[in-house]
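The file run18.cif comes next; it holds mmCIF, C-alpha atoms.
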data_protein
#
loop_
_atom_site.group_PDB
_atom_site.id
_atom_site.type_symbol
_atom_site.label_atom_id
_atom_site.label_comp_id
_atom_site.auth_asym_id
_atom_site.auth_seq_id
_atom_site.Cartn_x
_atom_site.Cartn_y
_atom_site.Cartn_z
ATOM 1 C CA GLN M 1 94.213 50.386 60.041
ATOM 2 C CA VAL M 2 97.887 50.832 59.310
ATOM 3 C CA GLN M 3 99.885 49.009 56.644
ATOM 4 C CA LEU M 4 103.649 48.599 56.960
ATOM 5 C CA VAL M 5 106.160 47.502 54.325
ATOM 6 C CA GLU M 6 109.823 46.969 55.172
ATOM 7 C CA SER M 7 112.753 47.029 52.790
ATOM 8 C CA GLY M 8 116.520 47.317 52.870
ATOM 9 C CA GLY M 9 117.571 43.999 54.333
ATOM 10 C CA GLY M 10 120.410 41.967 52.894
ATOM 11 C CA SER M 11 123.684 40.210 53.573
ATOM 12 C CA VAL M 12 126.758 42.035 54.847
ATOM 13 C CA GLN M 13 130.010 41.182 56.530
ATOM 14 C CA THR M 14 130.857 41.959 60.132
ATOM 15 C CA GLY M 15 131.372 45.676 60.575
ATOM 16 C CA GLY M 16 129.172 46.583 57.634
ATOM 17 C CA SER M 17 126.100 48.791 57.529
ATOM 18 C CA LEU M 18 122.518 48.540 56.351
ATOM 19 C CA ARG M 19 119.603 50.937 56.358
ATOM 20 C CA LEU M 20 116.160 49.471 56.798
ATOM 21 C CA SER M 21 113.099 51.394 55.661
ATOM 22 C CA CYS M 22 109.487 51.050 56.706
ATOM 23 C CA ALA M 23 106.786 52.629 54.565
ATOM 24 C CA ALA M 24 103.589 53.237 56.514
ATOM 25 C CA SER M 25 100.140 53.939 55.127
ATOM 26 C CA GLY M 26 96.649 54.271 56.515
ATOM 27 C CA VAL M 27 95.834 56.148 59.727
ATOM 28 C CA VAL M 28 99.472 56.513 60.650
ATOM 29 C CA TYR M 29 98.812 59.891 62.249
ATOM 30 C CA LEU M 30 96.795 58.138 64.956
ATOM 31 C CA THR M 31 99.678 55.969 66.116
ATOM 32 C CA SER M 32 101.839 56.929 69.072
ATOM 33 C CA CYS M 33 104.735 54.543 68.525
ATOM 34 C CA MET M 34 106.806 53.103 65.722
ATOM 35 C CA ALA M 35 109.303 50.359 66.401
ATOM 36 C CA TRP M 36 111.727 47.860 64.977
ATOM 37 C CA PHE M 37 111.760 44.330 66.327
ATOM 38 C CA ARG M 38 113.840 41.363 65.280
ATOM 39 C CA GLN M 39 113.555 37.630 65.554
ATOM 40 C CA ALA M 40 116.332 35.121 65.047
ATOM 41 C CA PRO M 41 115.624 31.420 64.430
ATOM 42 C CA GLY M 42 114.657 29.682 67.654
ATOM 43 C CA LYS M 43 114.490 32.925 69.600
ATOM 44 C CA GLU M 44 111.714 35.205 70.756
ATOM 45 C CA ARG M 45 110.947 38.447 68.984
ATOM 46 C CA GLU M 46 112.810 41.275 70.688
ATOM 47 C CA GLY M 47 112.598 45.024 70.585
ATOM 48 C CA VAL M 48 115.472 46.784 68.850
ATOM 49 C CA ALA M 49 114.465 50.448 68.755
ATOM 50 C CA VAL M 50 111.359 52.571 69.204
ATOM 51 C CA ILE M 51 110.440 56.139 68.386
ATOM 52 C CA TYR M 52 107.566 58.213 69.718
ATOM 53 C CA HIS M 53 105.341 60.187 67.372
ATOM 54 C CA TYR M 54 106.958 63.514 66.582
ATOM 55 C CA ALA M 55 104.079 65.313 68.339
ATOM 56 C CA ALA M 56 105.133 63.505 71.509
ATOM 57 C CA GLY M 57 108.696 64.637 71.146
ATOM 58 C CA GLY M 58 110.109 61.900 68.965
ATOM 59 C CA ARG M 59 111.925 60.222 71.853
ATOM 60 C CA THR M 60 113.903 57.126 71.018
ATOM 61 C CA TYR M 61 114.852 54.048 72.985
ATOM 62 C CA TYR M 62 117.184 51.213 72.117
ATOM 63 C CA ALA M 63 117.996 47.737 73.261
ATOM 64 C CA ASP M 64 121.302 47.649 75.119
ATOM 65 C CA SER M 65 122.730 45.321 72.483
ATOM 66 C CA VAL M 66 122.395 47.939 69.724
ATOM 67 C CA LYS M 67 123.001 51.215 71.564
ATOM 68 C CA GLY M 68 125.616 53.299 69.819
ATOM 69 C CA ARG M 69 125.364 51.230 66.633
ATOM 70 C CA PHE M 70 121.735 51.573 65.493
ATOM 71 C CA THR M 71 119.699 54.728 64.956
ATOM 72 C CA ILE M 72 115.940 54.918 64.466
ATOM 73 C CA SER M 73 114.470 57.930 62.713
ATOM 74 C CA GLN M 74 111.234 59.025 61.102
ATOM 75 C CA ASP M 75 110.163 61.149 58.151
ATOM 76 C CA ASN M 76 106.682 62.236 59.122
ATOM 77 C CA ALA M 77 105.964 64.018 55.863
ATOM 78 C CA ASN M 78 106.385 60.763 53.969
ATOM 79 C CA ASN M 79 105.275 58.303 56.672
ATOM 80 C CA MET M 80 108.630 56.576 56.702
ATOM 81 C CA VAL M 81 110.611 55.055 59.560
ATOM 82 C CA TYR M 82 114.241 54.060 59.211
ATOM 83 C CA LEU M 83 116.744 51.951 61.078
ATOM 84 C CA GLN M 84 120.364 52.766 60.337
ATOM 85 C CA MET M 85 122.511 49.845 61.424
ATOM 86 C CA ASN M 86 126.263 50.279 61.679
ATOM 87 C CA SER M 87 129.063 48.054 62.957
ATOM 88 C CA LEU M 88 126.923 45.008 62.346
ATOM 89 C CA LYS M 89 127.728 41.775 64.133
ATOM 90 C CA PRO M 90 126.784 38.165 63.364
ATOM 91 C CA GLU M 91 124.450 38.235 66.368
ATOM 92 C CA ASP M 92 122.424 40.922 64.595
ATOM 93 C CA THR M 93 121.333 38.312 62.056
ATOM 94 C CA ALA M 94 117.545 38.074 62.186
ATOM 95 C CA MET M 95 114.303 38.919 60.473
ATOM 96 C CA TYR M 96 113.590 42.571 61.193
ATOM 97 C CA TYR M 97 110.024 43.785 61.568
ATOM 98 C CA CYS M 98 108.502 47.240 61.592
ATOM 99 C CA ALA M 99 105.619 47.741 64.014
ATOM 100 C CA ALA M 100 103.134 50.471 64.880
ATOM 101 C CA GLY M 101 101.225 50.954 68.102
ATOM 102 C CA TRP M 102 98.217 53.025 69.016
ATOM 103 C CA ARG M 103 99.314 53.972 72.514
ATOM 104 C CA SER M 104 102.406 54.766 74.513
ATOM 105 C CA PRO M 105 104.592 53.812 76.244
ATOM 106 C CA CYS M 106 106.532 52.651 73.234
ATOM 107 C CA TRP M 107 109.136 50.425 74.851
ATOM 108 C CA LYS M 108 106.895 47.425 75.459
ATOM 109 C CA PRO M 109 106.476 43.785 74.429
ATOM 110 C CA SER M 110 105.768 42.909 70.823
ATOM 111 C CA THR M 111 102.351 41.588 71.841
ATOM 112 C CA GLU M 112 101.280 45.128 72.651
ATOM 113 C CA TYR M 113 101.954 46.451 69.156
ATOM 114 C CA ASN M 114 98.956 46.610 66.848
ATOM 115 C CA PHE M 115 100.326 46.459 63.298
ATOM 116 C CA TRP M 116 103.220 44.616 61.678
ATOM 117 C CA GLY M 117 105.049 44.465 58.422
ATOM 118 C CA GLN M 118 106.090 41.257 56.714
ATOM 119 C CA GLY M 119 109.731 41.563 57.737
ATOM 120 C CA THR M 120 113.056 41.931 55.976
ATOM 121 C CA GLN M 121 115.988 39.555 56.472
ATOM 122 C CA VAL M 122 119.349 40.789 57.723
ATOM 123 C CA THR M 123 122.287 38.394 57.607
ATOM 124 C CA VAL M 124 125.715 39.306 58.963
ATOM 125 C CA SER M 125 128.592 36.967 58.202
ATOM 126 C CA SER M 126 131.877 36.778 60.074
#
Please render this file's structure as structure tokens.
Amino acid sequence: QVQLVESGGGSVQTGGSLRLSCAASGVVYLTSCMAWFRQAPGKEREGVAVIYHYAAGGRTYYADSVKGRFTISQDNANNMVYLQMNSLKPEDTAMYYCAAGWRSPCWKPSTEYNFWGQGTQVTVSS
């Protein structure tokens, strides 16, 4: 099993920045993928960014809507995953979730991820 705890959410104005953190514990070394998803009220959960296990090259992929603004990274020594969010927009407002998956590929629907955190709220005001 893998346990995930997110932190770092909050309220910012348009153009601001936030850094989300995800602390992972358990058999993290067995996972192939770590990801950030988000879900706004009345909308489906969508993938924001994914990162492959460092042993698989640490490749990253992003949703088109966040490319150039968000950066996913991992600290394998401390089992941490981060999402640096810059130039935030009101449409980025959502609950953000950290997820872990046993198998690649990593850019895949939320239903194919195995473990989830409780989420952290991000609110961007205009």
Neighbouring residues of M:Trp102 were defined as those with any atom within 12 Å, considering all atoms listed in the file; residues of the same chain fewer than 4 positions away were excluded. Please report them as a PyMOL selection string.
chain M and resi 1-2+27-35+52-53+106+112-115
Using the chain letters and residue numbers of this document, give as a list in words the residues selected by the PyMOL selection byres ((chain M and resi 70) around 6).
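Evaluating the PyMOL selection byres ((chain M and resi 70) around 6) on these coordinates yields Val66, Arg69, Thr71, Gln84 and Met85 of chain M.
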Name every residue that the PyMOL selection byres ((chain M and resi 42-48) around 12) selects in this structure, writing the answer as an NGL selection string with chains first and numbers rising.
:M and (34-41 or 49-51 or 60-67 or 69-72 or 83-85 or 91-99 or 106-113 or 119)
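The residue set within 8 Å of M:Gly15, counting all atoms listed in the file and dropping same-chain residues fewer than 3 places from it, reads Asn86, Ser87, Leu88 and Lys89 of chain M.
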Could you tell me how far atom CA of M:Ser104 lies from atom CA of M:Ala77, in Å and to one decimal?
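Computing the Euclidean distance for atom CA of M:Ser104 and atom CA of M:Ala77 yields 21.1 Å.
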Dig up all the protein and nucleic acid residues within 7 Å of (101.9, 52.9, 56.9) in the file frame, using all atoms listed in the file, and format them as a VMD selection string.
chain M and resid 2 to 4 23 to 26 28 79
